[in-house]
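Written out below as structure tokens is the structure these notes cover.
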Amino acid sequence: MRYSDCNKTLRENVMKSYELASASQEKLNAVVTFADVEKQIEETIQDETLPLYGKPVAVKDNISTKGIRTTASSRILDNYVPVFDAAVVEKLKAAGATIICKTSMDELGMGGTNLNAYTGKVNNPYDLSRISGGSSGGSAALVAAGVVPMALGTDTGDSIRKPASYCGVVGFKPTYGRISRYGVIPYASSLDHVGFFTTCVEDACVTLKCLAGRDDRDMTSSYEPVGEYDKNLNSDLNGKKIAVLDNVLSSIKDERIVNEFHQLMKKLEDRGAVIVHVTMDENLLQTLLPVYLIIANAEACANHSNLDGVRFGMREEGNDLEEIMINSRTKGFSSAVRKRFVLGSYSLFTENQEKLFRKAQKVRRVIVDSYTSILKDCDCIVAPAAATVAPHENDSVDEKMSDTYLVAENHMILGNMAGTPSLTLPYTFIDGLPVGVNVSAKAFDEQTVLNVAKAIEEETQLEGKCAEV
Amino acid sequence: MEYETIIGIEIHCELKTKTKMFSSGRAEFGQAPNSCASEVDLGLPGTLPCLNEHGVELALRACMGTHCEIDPLLKFDRKNYYYSDLPKGFQITQQFHPIGRNGYVEIDTENGKKKIRLNRIHMEEDTAKQFHTGSNTLIDFNRAGTPLIEIVSEPDMRCGKEAAAYVEQLKNMLYYMGVSDCKMEEGSMRCDVNVSLRPCGSDTFGTKTEIKNLNSIANVQKAIDYETMRQKELLEAGKQVDQETRRFDEATRTTVLMRKKEGNVDYKFFPEPNIFPIQLSEEWIDHIRQTLPELPEKRKEKYMNVYGLSEYDANTLTSVKELSDFYDEVVTQTDEYKLACNWCTVEMMAYLNKENIKLVNNPLSSAHLADMINMVAKGEISGKQAKTVFEEMMKGKDPRKVVEEKGMKQLSDPEAIRALVIKVLDNNPNAINDFKNGKDRAVGALIGQVMKLSRGTANPAMASQIMNEELKKR
């Protein structure tokens, strides 16, 4: 469903999406909380000239929505109703959009499968036995299933771009600081990005224009002027230098994914693009995942120290304060999350900090320098977004995937470490399942990402493509 | 054995900002509980810190006032621990890069001036306030996120008196600079004191105890004096001092054990990812330096060297900032510096104390006081009349109007005074004899009669001069 498909009255558009979401819930399990749709319609700004007026949207459940339960798919926040809207939600409302539901995710954003959600697995709209990917799995699935034209997500280590690949939709994470993080329940502050899913590049342009911009409540948000992404959208690739990250291709075992990718590059070349092949130090790329995990978990264990059962959220009783906190956190978090907290805490201990956390930060710097030096010499970097189509639940244990495809499965973390804009869109279907290509560019060069994505979309003819659910 | 006491002090000082250190929540003391706590102060999920620029400015003032080296690259860190008064589960502080380092404060001791070195000044946020009621704990988040600076001294003090002088000096300075209210009783300035003993001549430190949350300067001294005695007794009895945290009990004037230190807690400090390092511009720092409020030392210097006041007077004026501020206003309108000082420090303060009025609510206008002082100096009214005028001025009246209404103009006509003098002398032949027999005191009594006869309006200096002239004629 594209924005342009929402062409009836506000109420008709919203009710249609709401009904689709309700009808698909049993199959997809993508929704955590349905909004009071009448109230949302009532509160929508009545101004047809607004860019998102009459567009029903879904919001990932780690993004604060005033008056709508926001759990981040964690038991500890099961009863948490924010008293304020996240900056992006304010922006959506100001642009005229209507929120219909909150979407499932890996608990607190920790995971890449959406299997680690308090409300259970989210099913892939193209094959319900497969996973949606995560952590923004619910949002990806709803957009892929044609329920809403746009859903918000967050991306700490490819959490928008991987599910976008598995679900066959456009998933965009712009530059760090481009969209305010205020009101977004964090995973890892230095890696967290807010982004979104759409079914076409044009809708991505419109959405970005609505969400981007400086917010004084987020000191890391940028003063860089917001572009006219939709008006400036231009798929002319003549003379554009596109770098293919060869390390990714060489680590993918499915030849069909590799061959289809090369064919796509051939088409872009025919449109006038200059395709170059680049290789990053393989050893450096192999450090991506461990470096990411150390930094992300360290920040996460501090970020989530506020979830203690004392002031809000779920409380397990105890004889004293310490016991209340321990009981609440033990029962409130899944074991996967607690494991990450332990690892994060371990790397911050005084005796470990230098050789783990600080070292990881230094390696991150080396990785980013290497990556941005490649970006300096080209317009964008492209690579398949995943090594496989969406896996089945049993094949998709995070560790297992990463062992087999360390580089191919984790290369998009480069965009989180460097904070550079990065977009995934479908480029082919294999056995009826989508596979995504990732396009990344220099910081704040969102326009190039969108332009190249538009050219790809014109070649693939997958604009607006949705699954029948 | 003789022991030497080693004292180091950590002071937490709330900055006088309108809003919190990292949020737009109001920072105001004495409001209804939990009425000054924003979503950020409550640590609600998804909230982010936003640095208070005025807070940084005040921290810079403190650094400048204490001669610290300033780090123009601001960086913040997280201090992680779980407690109910810490809503985020971490405190944002400056562990690795304090804004100020290597400063000093100069204090007066019996042996002259002494420099107390500062190790660091860093910015951080305050915790919430807890109230323990039986088995329950109530939390007031109004204080959560309030801007603080922590001022850490080197262990340079050697007795309770020095420590008290150090806190006094720092308190006065921070107050003058508008950095803080420095109300120890309200907790906007809190002292933690580290005390240890060592044999005289030794250059290693003994085991220290920390006395927490001293709420007055007097208690700083009392607590240290007691703790010194306690530790000395332990050492003399061959026992050892344990590293522990103690508090001062006002009722018994002793220090009481709070908790033993069981190794150090690992706070897992790491850089705050939500605040990028901030480069302060040289221009901004210079601007703050140039617009720094005048320090008490500077004022004292001015009072003594320019206005010719005594050190005692200068100290009295500068001991209370509002008094000194008022005096400064008065002397922009009169050149009678000493007279102005007397009126401010004696009459005005006595009146305010008697009426229980705070200096900030002083009803006296500096212009009125200066006007009256000028009238006295010019001999237009007598000192005695001035006291009556003063009483009226404190009720808001214009001194010139009072003088007019009460017909108080001073008698300064020499011939009129001479007439009064002659009349007095004629009526007191015995007093003249006394004078001639060398009893100088007789003159005073005679002048007193002149004043009485003039109903206090005669210019006393002229009356005295004319009296002497007339006496010699007899």
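Just so we're on the same page: first chain in the structure tokens is A, next is B, and so on; residues restart at 1 for each chain, and ligands are numbered from 1 in the order they show up.
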Spatial neighbours of segment 378-383 of chain A, 7 Å, only C-alpha atoms, chain gap at least 5 places, as an NGL selection string: :A and (240-245 or 248 or 437-441)
Pick out each residue of segment 303-424 of chain B that DSSP on the backbone tags as helix (DSSP H, G or I); I need them as a ChimeraX atom specification. /B:303-305,311-318,321-330,337-355,359-361,366-377,383-393,399-405,414-424
Set out as a tab-separated table a contact list for segment 45-106 of chain B and segment 339-350 of chain A with a cut-off of 12 Å, giving each residue of segment 45-106 of chain B that qualifies its closest atom pair and distance in Å to one decimal, counting only C-alpha atoms, ordered by chain and rising residue number.
```
residue	atom	partner	partner_atom	distance
B:Arg78	CA	A:Leu348	CA	11.1
B:Lys79	CA	A:Leu348	CA	11.0
B:Asn80	CA	A:Ser345	CA	9.9
B:Tyr81	CA	A:Ser345	CA	11.3
```
Residue neighbourhood Asp369 of chain A, 12 Å, only C-alpha atoms, exclusion window fewer than 2 positions, as a tab-separated table (two decimals) with N, CA and C atoms, in the first residue's frame:
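The resulting file, selection01.tsv, is reproduced below:
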```tsv
chain	number	residue	atom	x	y	z
A	280	MET	N	36.97	-4.25	1.95
A	280	MET	CA	37.47	-3.79	3.25
A	280	MET	C	38.31	-4.90	3.87
A	281	ASP	N	39.20	-4.52	4.76
A	281	ASP	CA	40.02	-5.50	5.47
A	281	ASP	C	39.09	-6.54	6.12
A	284	LEU	N	39.03	-6.75	9.83
A	284	LEU	CA	38.31	-5.63	10.43
A	284	LEU	C	36.81	-5.91	10.42
A	362	LYS	N	37.61	2.03	20.42
A	362	LYS	CA	38.74	2.37	19.54
A	362	LYS	C	38.63	1.62	18.21
A	363	VAL	N	38.28	0.34	18.29
A	363	VAL	CA	38.14	-0.44	17.05
A	363	VAL	C	37.00	0.14	16.21
A	364	ARG	N	35.93	0.56	16.90
A	364	ARG	CA	34.83	1.19	16.16
A	364	ARG	C	35.36	2.37	15.34
A	365	ARG	N	36.21	3.17	15.96
A	365	ARG	CA	36.79	4.32	15.27
A	365	ARG	C	37.57	3.88	14.03
A	366	VAL	N	38.35	2.80	14.18
A	366	VAL	CA	39.14	2.29	13.05
A	366	VAL	C	38.21	1.81	11.93
A	367	ILE	N	37.17	1.09	12.32
A	367	ILE	CA	36.20	0.60	11.33
A	367	ILE	C	35.56	1.76	10.59
A	371	TYR	N	35.67	2.68	6.64
A	371	TYR	CA	34.41	2.72	5.87
A	371	TYR	C	34.21	4.09	5.22
A	372	THR	N	34.42	5.15	5.97
A	372	THR	CA	34.17	6.49	5.41
A	372	THR	C	35.22	6.85	4.35
A	373	SER	N	36.40	6.24	4.44
A	373	SER	CA	37.39	6.53	3.40
A	373	SER	C	36.94	5.92	2.06
A	374	ILE	N	36.21	4.82	2.13
A	374	ILE	CA	35.64	4.26	0.89
A	374	ILE	C	34.52	5.17	0.38
A	375	LEU	N	33.68	5.61	1.29
A	375	LEU	CA	32.56	6.49	0.92
A	375	LEU	C	33.04	7.79	0.28
A	376	LYS	N	34.22	8.24	0.73
A	376	LYS	CA	34.76	9.50	0.23
A	376	LYS	C	34.97	9.45	-1.29
A	414	LEU	N	27.80	-1.37	9.83
A	414	LEU	CA	28.68	-0.26	9.43
A	414	LEU	C	27.92	1.06	9.45
A	417	MET	N	27.54	2.19	13.07
A	417	MET	CA	28.78	2.67	13.68
A	417	MET	C	29.18	4.01	13.11
A	418	ALA	N	29.02	4.17	11.79
A	418	ALA	CA	29.42	5.41	11.14
A	418	ALA	C	28.29	6.44	11.18
A	419	GLY	N	27.08	6.01	11.48
A	419	GLY	CA	25.94	6.92	11.52
A	419	GLY	C	25.51	7.38	10.14
```
Which polymer residues have any atom within 7 Å of an atom of segment 420-426 of chain A, counting only C-alpha atoms, with same-chain residues fewer than 3 positions away left out, as a PyMOL selection string? chain A and resi 161+164-165+168-176+385+415-416+434-444+446+449
From atom CA of Leu359 of chain B to atom CA of Glu322 of chain B the spacing works out at 6.3 Å
Name the residues of segment 43-183 of chain B that fall into strand (DSSP E) according to DSSP on the backbone, using the chain letters and numbers of this document, as JSON, numbers by chain. {"B": [69, 70, 73, 74, 77, 78, 79, 80, 90, 91, 92, 93, 100, 101, 102, 103, 104, 105, 106, 107, 108, 109, 112, 113, 114, 115, 116, 117, 118, 119, 120, 121, 122, 123, 124, 125, 129, 130, 131, 132, 133, 136, 137, 138, 139, 140, 147, 148, 149, 150, 151, 152, 153]}
Under the rule of at most 6 Å, produce a per-residue listing of chain B near chain A: chain, number, name, the closest pair of atoms, and the distance in Å, as JSON lines, using only C-alpha atoms.
```
{"residue": "B:Pro45", "atom": "CA", "partner": "A:Ile185", "partner_atom": "CA", "distance": 5.3}
{"residue": "B:Gly46", "atom": "CA", "partner": "A:Gly183", "partner_atom": "CA", "distance": 3.9}
{"residue": "B:Thr47", "atom": "CA", "partner": "A:Gly183", "partner_atom": "CA", "distance": 5.3}
{"residue": "B:Cys50", "atom": "CA", "partner": "A:Met219", "partner_atom": "CA", "distance": 5.9}
{"residue": "B:Pro87", "atom": "CA", "partner": "A:Asn306", "partner_atom": "CA", "distance": 6.0}
{"residue": "B:Lys88", "atom": "CA", "partner": "A:Asn306", "partner_atom": "CA", "distance": 4.5}
{"residue": "B:Gly89", "atom": "CA", "partner": "A:Ser305", "partner_atom": "CA", "distance": 4.5}
{"residue": "B:Lys268", "atom": "CA", "partner": "A:Leu348", "partner_atom": "CA", "distance": 5.3}
{"residue": "B:Pro273", "atom": "CA", "partner": "A:Ser190", "partner_atom": "CA", "distance": 5.5}
```
To one decimal place in Å, what is the distance between atom CA of Val167 of chain B and atom CA of Ile217 of chain B? 6.8 Å
Which residue out of B:Glu69, B:Asn142, B:Glu415, B:Lys75 has the minimum interatomic distance to Gln31 of chain B when only C-alpha atoms are used? B:Asn142
Got a sec: who's within 9 Å of Arg130 of chain A, counting only C-alpha atoms, leaving out chain neighbours fewer than 5 positions off, as a ChimeraX atom specification? /A:122-125,390-393
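The coordinates place atom CA of Ile76 of chain A at 7.5 Å from atom CA of Gly309 of chain A.
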Who sits within 8 Å of segment 210-212 of chain B, only C-alpha atoms, same chain under 4 positions skipped, as JSON, numbers by chain: {"B": [191, 192, 193, 194, 195, 223, 243, 244, 245, 246, 247, 248, 255]}
Go ahead and write the selection's residues with N, CA and C atoms as a compact mmCIF listing (two decimals), in the first residue's frame.
```txt
# COMPACT_ATOMS: atom_id res chain seq x y z
N CYS B 191 28.48 19.58 52.87
CA CYS B 191 29.90 19.28 53.09
C CYS B 191 30.10 17.84 53.53
N ASP B 192 31.01 17.17 52.85
CA ASP B 192 31.50 15.87 53.33
C ASP B 192 32.97 16.08 53.68
N VAL B 193 33.32 15.67 54.90
CA VAL B 193 34.67 15.95 55.39
C VAL B 193 35.43 14.65 55.58
N ASN B 194 36.65 14.59 55.08
CA ASN B 194 37.51 13.43 55.29
C ASN B 194 38.56 13.78 56.33
N VAL B 195 38.64 12.96 57.37
CA VAL B 195 39.57 13.23 58.47
C VAL B 195 40.46 12.02 58.71
N ALA B 223 32.45 18.79 64.25
CA ALA B 223 32.58 17.39 63.85
C ALA B 223 34.05 17.01 63.72
N GLN B 243 38.21 2.47 58.13
CA GLN B 243 37.68 3.34 57.08
C GLN B 243 36.17 3.22 57.08
N GLU B 244 35.50 4.31 57.39
CA GLU B 244 34.04 4.25 57.51
C GLU B 244 33.42 5.60 57.23
N THR B 245 32.11 5.54 57.03
CA THR B 245 31.35 6.76 56.81
C THR B 245 30.59 7.08 58.10
N ARG B 246 30.71 8.31 58.58
CA ARG B 246 30.07 8.70 59.82
C ARG B 246 29.19 9.93 59.61
N ARG B 247 28.34 10.19 60.56
CA ARG B 247 27.57 11.43 60.48
C ARG B 247 27.71 12.16 61.81
N PHE B 248 27.45 13.48 61.79
CA PHE B 248 27.57 14.28 63.00
C PHE B 248 26.22 14.35 63.68
N THR B 255 30.43 12.17 66.45
CA THR B 255 30.19 11.56 65.14
C THR B 255 29.76 10.12 65.36
```
